[in-house]
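Have a look at input.cif; it's mmCIF, C-alpha atoms:
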data_query
loop_
_atom_site.group_PDB
_atom_site.id
_atom_site.type_symbol
_atom_site.label_atom_id
_atom_site.label_comp_id
_atom_site.auth_asym_id
_atom_site.auth_seq_id
_atom_site.Cartn_x
_atom_site.Cartn_y
_atom_site.Cartn_z
ATOM 1 C CA MET A 1 20.077 -79.254 -32.498
ATOM 2 C CA GLY A 2 18.989 -75.987 -30.856
ATOM 3 C CA ARG A 3 15.519 -74.613 -31.481
ATOM 4 C CA SER A 4 16.764 -71.424 -33.185
ATOM 5 C CA GLN A 5 19.070 -73.406 -35.476
ATOM 6 C CA LYS A 6 16.208 -75.745 -36.384
ATOM 7 C CA ARG A 7 13.957 -72.781 -37.245
ATOM 8 C CA LYS A 8 16.693 -71.276 -39.392
ATOM 9 C CA GLN A 9 17.186 -74.523 -41.313
ATOM 10 C CA GLU A 10 13.425 -74.926 -41.794
ATOM 11 C CA SER A 11 13.149 -71.352 -43.082
ATOM 12 C CA LEU A 12 16.086 -71.743 -45.465
ATOM 13 C CA SER A 13 14.707 -75.070 -46.692
ATOM 14 C CA PHE A 14 11.295 -73.499 -47.290
ATOM 15 C CA TRP A 15 12.716 -70.738 -49.490
ATOM 16 C CA LYS A 16 15.088 -73.077 -51.380
ATOM 17 C CA GLU A 17 12.222 -75.424 -52.184
ATOM 18 C CA SER A 18 10.046 -72.497 -53.230
ATOM 19 C CA ALA A 19 12.783 -71.099 -55.481
ATOM 20 C CA ALA A 20 13.444 -74.482 -57.084
ATOM 21 C CA LYS A 21 9.776 -74.951 -57.872
ATOM 22 C CA SER A 22 9.616 -71.451 -59.334
ATOM 23 C CA VAL A 23 12.455 -72.317 -61.707
ATOM 24 C CA ARG A 24 10.620 -75.475 -62.798
ATOM 25 C CA ASN A 25 7.576 -73.264 -63.488
ATOM 26 C CA ASP A 26 5.118 -76.017 -62.649
ATOM 27 C CA ASP A 27 2.152 -76.302 -60.278
ATOM 28 C CA ASP A 28 3.966 -78.157 -57.502
ATOM 29 C CA ASP A 29 4.269 -75.013 -55.368
ATOM 30 C CA GLU A 30 0.464 -74.678 -55.248
ATOM 31 C CA PRO A 31 -0.497 -76.451 -52.008
ATOM 32 C CA TYR A 32 -4.214 -76.313 -52.825
ATOM 33 C CA PRO A 33 -4.525 -76.831 -56.610
ATOM 34 C CA SER A 34 -8.212 -77.731 -56.319
ATOM 35 C CA HIS A 35 -9.049 -74.573 -54.349
ATOM 36 C CA PRO A 36 -10.059 -72.038 -57.034
ATOM 37 C CA ARG A 37 -10.295 -68.958 -54.840
ATOM 38 C CA PRO A 38 -9.553 -66.155 -54.799
ATOM 39 C CA THR A 39 -10.209 -65.290 -58.406
ATOM 40 C CA PRO A 40 -8.668 -62.121 -59.878
ATOM 41 C CA GLU A 41 -12.164 -60.625 -59.966
ATOM 42 C CA GLU A 42 -12.688 -61.356 -56.265
ATOM 43 C CA CYS A 43 -9.335 -59.794 -55.399
ATOM 44 C CA ARG A 44 -10.176 -56.595 -57.217
ATOM 45 C CA SER A 45 -13.682 -56.490 -55.743
ATOM 46 C CA VAL A 46 -12.431 -56.957 -52.175
ATOM 47 C CA ARG A 47 -9.709 -54.377 -52.745
ATOM 48 C CA ASP A 48 -12.230 -51.847 -54.008
ATOM 49 C CA ASP A 49 -14.746 -52.575 -51.226
ATOM 50 C CA LEU A 50 -12.143 -52.183 -48.474
ATOM 51 C CA LEU A 51 -10.752 -49.058 -50.095
ATOM 52 C CA ALA A 52 -14.232 -47.529 -50.117
ATOM 53 C CA LEU A 53 -14.678 -48.432 -46.442
ATOM 54 C CA HIS A 54 -11.304 -47.444 -45.013
ATOM 55 C CA GLY A 55 -9.606 -45.316 -47.628
ATOM 56 C CA PHE A 56 -5.986 -46.222 -48.213
ATOM 57 C CA PRO A 57 -4.281 -46.757 -44.806
ATOM 58 C CA GLN A 58 -2.160 -43.727 -43.943
ATOM 59 C CA GLN A 59 0.498 -45.845 -42.251
ATOM 60 C CA PHE A 60 1.323 -47.471 -45.598
ATOM 61 C CA GLU A 61 1.021 -44.382 -47.772
ATOM 62 C CA LYS A 62 4.768 -43.698 -47.710
ATOM 63 C CA TYR A 63 5.459 -47.162 -49.126
ATOM 64 C CA ARG A 64 2.822 -46.712 -51.796
ATOM 65 C CA ARG A 65 4.512 -43.497 -52.862
ATOM 66 C CA LEU A 66 7.838 -45.293 -53.124
ATOM 67 C CA ARG A 67 6.248 -47.913 -55.367
ATOM 68 C CA LEU A 68 4.978 -45.169 -57.660
ATOM 69 C CA ALA A 69 8.377 -43.501 -57.874
ATOM 70 C CA PRO A 70 10.231 -43.781 -61.213
ATOM 71 C CA HIS A 71 12.981 -45.999 -59.752
ATOM 72 C CA SER A 72 10.537 -48.551 -58.370
ATOM 73 C CA SER A 73 10.855 -52.072 -59.791
ATOM 74 C CA SER A 74 7.259 -52.914 -58.915
ATOM 75 C CA SER A 75 4.665 -53.352 -61.626
ATOM 76 C CA SER A 76 1.816 -52.218 -59.379
ATOM 77 C CA PRO A 77 -0.101 -49.221 -60.688
ATOM 78 C CA ALA A 78 -1.756 -46.575 -58.549
ATOM 79 C CA ILE A 79 -4.987 -47.456 -56.814
ATOM 80 C CA ASP A 80 -7.969 -46.668 -59.031
ATOM 81 C CA GLY A 81 -9.029 -43.127 -58.332
ATOM 82 C CA GLY A 82 -6.064 -42.581 -56.031
ATOM 83 C CA GLY A 83 -3.913 -40.644 -58.453
ATOM 84 C CA GLY A 84 -0.982 -42.142 -60.278
ATOM 85 C CA ALA A 85 1.495 -39.291 -60.493
ATOM 86 C CA PRO A 86 5.076 -40.301 -59.685
ATOM 87 C CA VAL A 87 6.502 -39.089 -56.410
ATOM 88 C CA GLU A 88 8.301 -35.782 -56.799
ATOM 89 C CA SER A 89 10.987 -35.167 -54.211
ATOM 90 C CA ASP A 90 12.739 -31.969 -53.310
ATOM 91 C CA PRO A 91 16.231 -32.258 -54.785
ATOM 92 C CA SER A 92 17.579 -30.084 -51.996
ATOM 93 C CA ASP A 93 16.971 -32.715 -49.343
ATOM 94 C CA GLY A 94 16.100 -35.906 -51.245
ATOM 95 C CA ASN A 95 12.923 -36.384 -49.232
ATOM 96 C CA ASP A 96 9.279 -36.647 -50.240
ATOM 97 C CA LYS A 97 6.397 -34.917 -48.448
ATOM 98 C CA TYR A 98 6.489 -37.626 -45.757
ATOM 99 C CA GLY A 99 10.128 -36.916 -44.939
ATOM 100 C CA LEU A 100 11.307 -40.243 -46.347
ATOM 101 C CA SER A 101 14.249 -40.645 -48.632
ATOM 102 C CA GLN A 102 13.095 -42.395 -51.785
ATOM 103 C CA ARG A 103 16.088 -44.702 -51.435
ATOM 104 C CA GLU A 104 15.290 -45.864 -47.930
ATOM 105 C CA SER A 105 17.973 -48.171 -46.608
ATOM 106 C CA VAL A 106 17.078 -51.837 -47.032
ATOM 107 C CA LEU A 107 18.886 -52.610 -43.788
ATOM 108 C CA ASP A 108 16.819 -49.981 -41.971
ATOM 109 C CA GLY A 109 13.745 -51.628 -43.428
ATOM 110 C CA LEU A 110 14.738 -55.114 -42.315
ATOM 111 C CA VAL A 111 15.414 -53.964 -38.755
ATOM 112 C CA SER A 112 12.128 -52.050 -38.644
ATOM 113 C CA VAL A 113 10.244 -55.206 -39.673
ATOM 114 C CA VAL A 114 11.987 -57.196 -36.922
ATOM 115 C CA LEU A 115 10.988 -54.530 -34.395
ATOM 116 C CA SER A 116 7.366 -54.607 -35.606
ATOM 117 C CA GLN A 117 6.850 -58.199 -34.520
ATOM 118 C CA ASN A 118 4.313 -58.777 -31.734
ATOM 119 C CA THR A 119 3.773 -55.127 -30.915
ATOM 120 C CA THR A 120 1.757 -52.112 -32.006
ATOM 121 C CA ASP A 121 2.707 -49.838 -34.875
ATOM 122 C CA VAL A 122 3.269 -46.953 -32.464
ATOM 123 C CA ASN A 123 5.575 -48.919 -30.174
ATOM 124 C CA SER A 124 7.445 -50.378 -33.138
ATOM 125 C CA GLN A 125 8.176 -46.918 -34.540
ATOM 126 C CA ARG A 126 9.199 -45.652 -31.105
ATOM 127 C CA ALA A 127 11.621 -48.557 -30.740
ATOM 128 C CA PHE A 128 13.181 -47.937 -34.158
ATOM 129 C CA THR A 129 13.539 -44.215 -33.511
ATOM 130 C CA SER A 130 15.094 -44.909 -30.113
ATOM 131 C CA LEU A 131 17.507 -47.437 -31.616
ATOM 132 C CA LYS A 132 18.672 -45.053 -34.333
ATOM 133 C CA SER A 133 19.043 -42.262 -31.783
ATOM 134 C CA ALA A 134 21.199 -44.419 -29.522
ATOM 135 C CA PHE A 135 23.207 -45.878 -32.431
ATOM 136 C CA PRO A 136 23.324 -43.517 -35.448
ATOM 137 C CA THR A 137 25.081 -46.131 -37.591
ATOM 138 C CA TRP A 138 24.697 -49.902 -37.772
ATOM 139 C CA GLU A 139 28.421 -50.173 -37.058
ATOM 140 C CA ASP A 140 27.674 -48.480 -33.726
ATOM 141 C CA ALA A 141 24.938 -50.981 -32.997
ATOM 142 C CA LEU A 142 27.135 -53.946 -33.846
ATOM 143 C CA ALA A 143 29.906 -52.658 -31.576
ATOM 144 C CA ALA A 144 27.501 -52.138 -28.669
ATOM 145 C CA ASP A 145 26.684 -54.798 -26.101
ATOM 146 C CA SER A 146 23.335 -56.533 -26.309
ATOM 147 C CA LYS A 147 22.087 -54.931 -23.088
ATOM 148 C CA SER A 148 22.453 -51.447 -24.595
ATOM 149 C CA ILE A 149 20.423 -52.462 -27.645
ATOM 150 C CA GLU A 150 17.810 -54.066 -25.410
ATOM 151 C CA ASP A 151 17.464 -50.822 -23.451
ATOM 152 C CA ALA A 152 17.075 -48.819 -26.656
ATOM 153 C CA ILE A 153 14.252 -50.982 -28.034
ATOM 154 C CA ARG A 154 12.546 -52.000 -24.794
ATOM 155 C CA CYS A 155 9.474 -49.884 -25.555
ATOM 156 C CA GLY A 156 8.735 -52.205 -28.489
ATOM 157 C CA GLY A 157 8.524 -55.382 -26.419
ATOM 158 C CA LEU A 158 10.490 -58.640 -26.645
ATOM 159 C CA ALA A 159 13.669 -56.589 -26.269
ATOM 160 C CA VAL A 160 15.961 -59.528 -25.480
ATOM 161 C CA THR A 161 14.809 -61.603 -28.450
ATOM 162 C CA LYS A 162 14.826 -58.724 -30.923
ATOM 163 C CA ALA A 163 18.187 -57.356 -29.762
ATOM 164 C CA SER A 164 19.740 -60.794 -30.180
ATOM 165 C CA CYS A 165 18.261 -61.110 -33.666
ATOM 166 C CA ILE A 166 19.565 -57.691 -34.716
ATOM 167 C CA LYS A 167 23.061 -58.321 -33.347
ATOM 168 C CA LYS A 168 23.339 -61.741 -34.985
ATOM 169 C CA MET A 169 22.008 -60.418 -38.276
ATOM 170 C CA LEU A 170 24.487 -57.520 -38.326
ATOM 171 C CA SER A 171 27.366 -59.815 -37.416
ATOM 172 C CA CYS A 172 26.416 -62.337 -40.098
ATOM 173 C CA LEU A 173 26.048 -59.599 -42.712
ATOM 174 C CA LEU A 174 29.472 -58.152 -41.936
ATOM 175 C CA GLU A 175 31.033 -61.599 -42.054
ATOM 176 C CA ARG A 176 29.418 -62.505 -45.370
ATOM 177 C CA LYS A 177 29.647 -59.174 -47.213
ATOM 178 C CA GLY A 178 32.387 -57.225 -45.469
ATOM 179 C CA LYS A 179 30.121 -54.243 -44.760
ATOM 180 C CA LEU A 180 26.779 -53.481 -43.161
ATOM 181 C CA CYS A 181 24.741 -52.839 -46.271
ATOM 182 C CA LEU A 182 21.879 -54.671 -47.970
ATOM 183 C CA GLU A 183 21.481 -52.422 -50.996
ATOM 184 C CA TYR A 184 22.757 -55.218 -53.224
ATOM 185 C CA LEU A 185 19.390 -56.938 -52.696
ATOM 186 C CA ARG A 186 17.779 -54.366 -54.993
ATOM 187 C CA ASP A 187 19.522 -55.995 -57.946
ATOM 188 C CA LEU A 188 18.491 -59.551 -57.108
ATOM 189 C CA SER A 189 15.449 -61.538 -58.136
ATOM 190 C CA VAL A 190 12.702 -62.241 -55.608
ATOM 191 C CA ASP A 191 13.894 -65.821 -55.126
ATOM 192 C CA GLU A 192 17.492 -64.662 -54.679
ATOM 193 C CA VAL A 193 16.409 -62.116 -52.050
ATOM 194 C CA LYS A 194 14.536 -64.835 -50.169
ATOM 195 C CA THR A 195 17.590 -67.069 -50.155
ATOM 196 C CA GLU A 196 19.920 -64.253 -49.067
ATOM 197 C CA LEU A 197 17.780 -63.074 -46.148
ATOM 198 C CA SER A 198 17.144 -66.616 -44.959
ATOM 199 C CA HIS A 199 20.819 -66.894 -44.011
ATOM 200 C CA PHE A 200 20.128 -64.614 -41.044
ATOM 201 C CA LYS A 201 18.951 -66.189 -37.788
ATOM 202 C CA GLY A 202 15.508 -65.051 -36.724
ATOM 203 C CA ILE A 203 14.523 -63.785 -40.182
ATOM 204 C CA GLY A 204 11.568 -65.918 -41.234
ATOM 205 C CA PRO A 205 9.339 -66.049 -44.324
ATOM 206 C CA LYS A 206 6.909 -63.338 -43.174
ATOM 207 C CA THR A 207 9.742 -60.901 -42.411
ATOM 208 C CA VAL A 208 11.308 -61.615 -45.809
ATOM 209 C CA ALA A 209 7.975 -61.057 -47.556
ATOM 210 C CA CYS A 210 7.496 -57.731 -45.742
ATOM 211 C CA VAL A 211 10.956 -56.561 -46.787
ATOM 212 C CA LEU A 212 10.194 -57.544 -50.369
ATOM 213 C CA MET A 213 6.860 -55.735 -50.463
ATOM 214 C CA PHE A 214 7.565 -52.627 -48.392
ATOM 215 C CA HIS A 215 11.281 -51.988 -48.731
ATOM 216 C CA LEU A 216 12.188 -53.455 -52.109
ATOM 217 C CA GLN A 217 8.886 -52.540 -53.797
ATOM 218 C CA ARG A 218 8.407 -56.077 -55.136
ATOM 219 C CA ASP A 219 5.101 -57.799 -55.758
ATOM 220 C CA ASP A 220 4.808 -60.160 -52.804
ATOM 221 C CA PHE A 221 2.016 -60.929 -50.351
ATOM 222 C CA PRO A 222 3.027 -61.391 -46.688
ATOM 223 C CA VAL A 223 0.661 -63.512 -44.609
ATOM 224 C CA ASP A 224 0.253 -62.393 -41.015
ATOM 225 C CA THR A 225 -2.406 -63.282 -38.447
ATOM 226 C CA HIS A 226 -4.955 -60.820 -39.847
ATOM 227 C CA VAL A 227 -4.506 -61.931 -43.448
ATOM 228 C CA ILE A 228 -4.788 -65.664 -42.775
ATOM 229 C CA GLN A 229 -7.792 -65.231 -40.481
ATOM 230 C CA ILE A 230 -9.666 -63.173 -43.053
ATOM 231 C CA GLY A 231 -8.510 -65.511 -45.807
ATOM 232 C CA LYS A 232 -10.059 -68.453 -43.986
ATOM 233 C CA ALA A 233 -13.211 -66.523 -43.084
ATOM 234 C CA ILE A 234 -13.994 -65.552 -46.683
ATOM 235 C CA GLY A 235 -12.895 -68.859 -48.146
ATOM 236 C CA TRP A 236 -9.723 -67.763 -49.913
ATOM 237 C CA VAL A 237 -7.716 -70.487 -48.203
ATOM 238 C CA PRO A 238 -8.894 -73.768 -46.649
ATOM 239 C CA ALA A 239 -9.678 -73.709 -42.936
ATOM 240 C CA VAL A 240 -6.760 -76.089 -42.300
ATOM 241 C CA ALA A 241 -4.201 -73.851 -44.021
ATOM 242 C CA ASN A 242 -1.094 -72.776 -42.125
ATOM 243 C CA ARG A 243 0.822 -69.584 -42.879
ATOM 244 C CA LYS A 244 3.376 -71.168 -45.192
ATOM 245 C CA LYS A 245 0.778 -72.851 -47.359
ATOM 246 C CA ALA A 246 -1.482 -69.793 -47.282
ATOM 247 C CA TYR A 247 1.485 -67.700 -48.437
ATOM 248 C CA LEU A 248 2.162 -69.997 -51.386
ATOM 249 C CA HIS A 249 -1.501 -70.231 -52.354
ATOM 250 C CA LEU A 250 -2.326 -66.514 -52.093
ATOM 251 C CA ASN A 251 0.833 -65.399 -53.865
ATOM 252 C CA ARG A 252 -0.081 -67.669 -56.728
ATOM 253 C CA ARG A 253 -3.749 -66.653 -56.909
ATOM 254 C CA ILE A 254 -3.615 -62.882 -56.305
ATOM 255 C CA PRO A 255 -2.590 -60.778 -59.335
ATOM 256 C CA ASP A 256 0.730 -59.004 -58.824
ATOM 257 C CA GLU A 257 -0.743 -55.573 -59.456
ATOM 258 C CA LEU A 258 -3.206 -56.019 -56.571
ATOM 259 C CA LYS A 259 -0.942 -57.577 -53.945
ATOM 260 C CA PHE A 260 0.315 -54.412 -52.272
ATOM 261 C CA ASP A 261 -3.041 -52.636 -52.073
ATOM 262 C CA LEU A 262 -4.924 -55.720 -50.977
ATOM 263 C CA ASN A 263 -2.387 -56.729 -48.338
ATOM 264 C CA CYS A 264 -2.367 -53.292 -46.693
ATOM 265 C CA LEU A 265 -6.157 -53.119 -46.704
ATOM 266 C CA LEU A 266 -6.668 -56.653 -45.341
ATOM 267 C CA PHE A 267 -4.175 -55.956 -42.540
ATOM 268 C CA THR A 268 -5.981 -52.741 -41.625
ATOM 269 C CA HIS A 269 -9.427 -54.331 -41.838
ATOM 270 C CA GLY A 270 -8.269 -57.237 -39.702
ATOM 271 C CA LYS A 271 -7.410 -54.852 -36.881
ATOM 272 C CA LEU A 272 -10.812 -53.195 -37.024
ATOM 273 C CA CYS A 273 -13.347 -55.932 -37.785
ATOM 274 C CA HIS A 274 -13.566 -58.773 -35.266
ATOM 275 C CA ALA A 275 -16.146 -60.637 -37.356
ATOM 276 C CA CYS A 276 -13.816 -61.120 -40.308
ATOM 277 C CA THR A 277 -10.986 -62.291 -38.089
ATOM 278 C CA LEU A 278 -13.360 -64.534 -36.131
ATOM 279 C CA LYS A 279 -12.592 -62.809 -32.849
ATOM 280 C CA GLY A 280 -14.809 -63.201 -29.836
ATOM 281 C CA ALA A 281 -17.761 -60.830 -29.736
ATOM 282 C CA ASN A 282 -16.648 -59.381 -26.406
ATOM 283 C CA GLN A 283 -13.102 -58.497 -27.484
ATOM 284 C CA LYS A 284 -12.532 -54.758 -27.352
ATOM 285 C CA ARG A 285 -11.402 -52.951 -30.495
ATOM 286 C CA LYS A 286 -10.356 -49.342 -31.036
ATOM 287 C CA GLU A 287 -12.889 -49.029 -33.841
ATOM 288 C CA SER A 288 -15.523 -51.323 -35.279
ATOM 289 C CA HIS A 289 -16.901 -51.712 -38.779
ATOM 290 C CA GLU A 290 -18.789 -54.994 -38.332
ATOM 291 C CA SER A 291 -22.227 -53.566 -39.144
ATOM 292 C CA SER A 292 -21.038 -52.265 -42.519
ATOM 293 C CA CYS A 293 -18.389 -54.866 -43.290
ATOM 294 C CA PRO A 294 -18.322 -55.387 -47.070
ATOM 295 C CA LEU A 295 -16.776 -58.841 -46.704
ATOM 296 C CA LEU A 296 -19.855 -60.392 -45.103
ATOM 297 C CA SER A 297 -21.205 -61.278 -48.537
ATOM 298 C CA TYR A 298 -18.160 -63.495 -49.113
ATOM 299 C CA CYS A 299 -18.617 -65.655 -46.053
ATOM 300 C CA VAL A 300 -21.731 -67.348 -44.669
ATOM 301 C CA ASP A 301 -19.843 -68.283 -41.493
ATOM 302 C CA VAL A 302 -19.210 -64.633 -40.656
ATOM 303 C CA GLN A 303 -22.874 -63.800 -41.153
ATOM 304 C CA HIS A 304 -23.743 -66.651 -38.790
ATOM 305 C CA VAL A 305 -21.313 -65.303 -36.183
ATOM 306 C CA LEU A 306 -22.921 -61.863 -36.304
ATOM 307 C CA GLN A 307 -26.460 -63.241 -36.205
ATOM 308 C CA SER A 308 -25.726 -65.562 -33.290
ATOM 309 C CA SER A 309 -24.094 -62.766 -31.284
ATOM 310 C CA SER A 310 -26.849 -60.215 -31.957
ATOM 311 C CA PRO A 311 -29.450 -59.565 -29.202
ATOM 312 C CA ASP A 312 -32.983 -60.806 -29.817
#
Could you show the structure in this file as structure tokens?
Amino acid sequence: MGRSQKRKQESLSFWKESAAKSVRNDDDDEPYPSHPRPTPEECRSVRDDLLALHGFPQQFEKYRRLRLAPHSSSSSPAIDGGGGAPVESDPSDGNDKYGLSQRESVLDGLVSVVLSQNTTDVNSQRAFTSLKSAFPTWEDALAADSKSIEDAIRCGGLAVTKASCIKKMLSCLLERKGKLCLEYLRDLSVDEVKTELSHFKGIGPKTVACVLMFHLQRDDFPVDTHVIQIGKAIGWVPAVANRKKAYLHLNRRIPDELKFDLNCLLFTHGKLCHACTLKGANQKRKESHESSCPLLSYCVDVQHVLQSSSPD
């Protein structure tokens, strides 16, 4: 069995097992039933502390606005003190103040998440813009050869791998649904969305969770490198946790109404604070908040790291 096929089967099996356990509504999908953290109070406290430190991350503001729009299926309220007025769009162009259509294409969202893997936010956006410029419709992209797609997204890194994933996903979608459209996912349950997207090669659990949270406005909690590192550092998941188990544990422990805010803030903090992500003291960062990190009080190990790396 090829490696990609094995990964696909493992991913599909993971979501099927998760969905089945959800239907049974028992505690079997909690990998760490004896690990009581995080508590709802801790989640809210960390959310508020990080919000006070960073403000809400601008790169995610457009998605927050979509969640506050009247059509959103999410139950998440506005951030405390952040204003809770629904998004008002100009009916003449259908766009909000950020230039985004409130009904952003789910397929656009899925491709943008694929392009965001293992690269910077700037390069990811450049790659998506370049791809859409070269191929205005997804039918154009499917009809193009892989080399042309690779050239269009090369600025985002891993062009060969990502181009192959996009082509296979588009081909599979057309074969299964007869058209290149994922809008039907908006009407499905979270578990049904997970099962549907897991049919596509190269679309793993983290990508599915990102689509759910950002592009379908559902209450889900993706676990990336930053989130799991901070989670381990502040004791929210055991040190031995892998991403799949951390995903199951955190999604069960974190209140739905806090998932979006907290995820965006933890991701942002993880890029800025090397102490919380247990990075080496000499690693260069664009910006540093270690001296005022509000999460130090949650983790003795982080305090020890800072103390041991401080000059006498």
What residues have an atom no more than 9 Å from (15.3, -49.9, -27.3) in the file's own frame, counting all atoms listed in the file, and can you write them as a PDB file with C-alpha atoms, in the coordinates of the input?
ATOM      1  CA  ARG A 126       9.199 -45.652 -31.105  1.00  0.00           C
ATOM      2  CA  ALA A 127      11.621 -48.557 -30.740  1.00  0.00           C
ATOM      3  CA  PHE A 128      13.181 -47.937 -34.158  1.00  0.00           C
ATOM      4  CA  THR A 129      13.539 -44.215 -33.511  1.00  0.00           C
ATOM      5  CA  SER A 130      15.094 -44.909 -30.113  1.00  0.00           C
ATOM      6  CA  LEU A 131      17.507 -47.437 -31.616  1.00  0.00           C
ATOM      7  CA  ALA A 134      21.199 -44.419 -29.522  1.00  0.00           C
ATOM      8  CA  SER A 148      22.453 -51.447 -24.595  1.00  0.00           C
ATOM      9  CA  ILE A 149      20.423 -52.462 -27.645  1.00  0.00           C
ATOM     10  CA  GLU A 150      17.810 -54.066 -25.410  1.00  0.00           C
ATOM     11  CA  ASP A 151      17.464 -50.822 -23.451  1.00  0.00           C
ATOM     12  CA  ALA A 152      17.075 -48.819 -26.656  1.00  0.00           C
ATOM     13  CA  ILE A 153      14.252 -50.982 -28.034  1.00  0.00           C
ATOM     14  CA  ARG A 154      12.546 -52.000 -24.794  1.00  0.00           C
ATOM     15  CA  CYS A 155       9.474 -49.884 -25.555  1.00  0.00           C
ATOM     16  CA  GLY A 156       8.735 -52.205 -28.489  1.00  0.00           C
ATOM     17  CA  GLY A 157       8.524 -55.382 -26.419  1.00  0.00           C
ATOM     18  CA  ALA A 159      13.669 -56.589 -26.269  1.00  0.00           C
ATOM     19  CA  ALA A 163      18.187 -57.356 -29.762  1.00  0.00           C
TER      20      ALA A 163
END
Would you kindly identify which residues have an atom no farther than 7 Å from (-12.4, -52.6, -43.4), using all atoms listed in the file and the file's own coordinates, and write them out as a ChimeraX atom specification?
/A:50,53-54,268-269,272-273,289,293
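Across the model, the gap from atom CA of A:Glu41 to atom CA of A:His249 is 16.2 Å.
With distances taken over all atoms listed in the file, A:Leu115 is the one residue among A:Leu115, A:His215, A:Lys206, A:Leu296 lying closest to A:Leu158.
When you apply the PyMOL selection byres ((chain A and resi 48) around 10) to this structure, what comes back is Glu42, Cys43, Arg44, Ser45, Val46, Arg47, Asp49, Leu50, Leu51, Ala52, Leu53, Gly55, Ile79, Asp80, Asp261, Leu262, Leu265 and Pro294 of chain A.
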Exactly which residues make up the result of the PyMOL selection byres ((chain A and resi 107) around 12) on this file, given as a ChimeraX atom specification?
/A:103-106,108-114,137-139,166,169-170,173,179-186,197,208,211-212,215-216
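The coordinates place atom CA of A:Gly231 at 8.9 Å from atom CA of A:Leu250.
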Residue IDs satisfying the PyMOL selection byres ((chain A and resi 33) around 12), as a ChimeraX atom specification:
/A:26-32,34-38,237-238,245,248-250,252-253
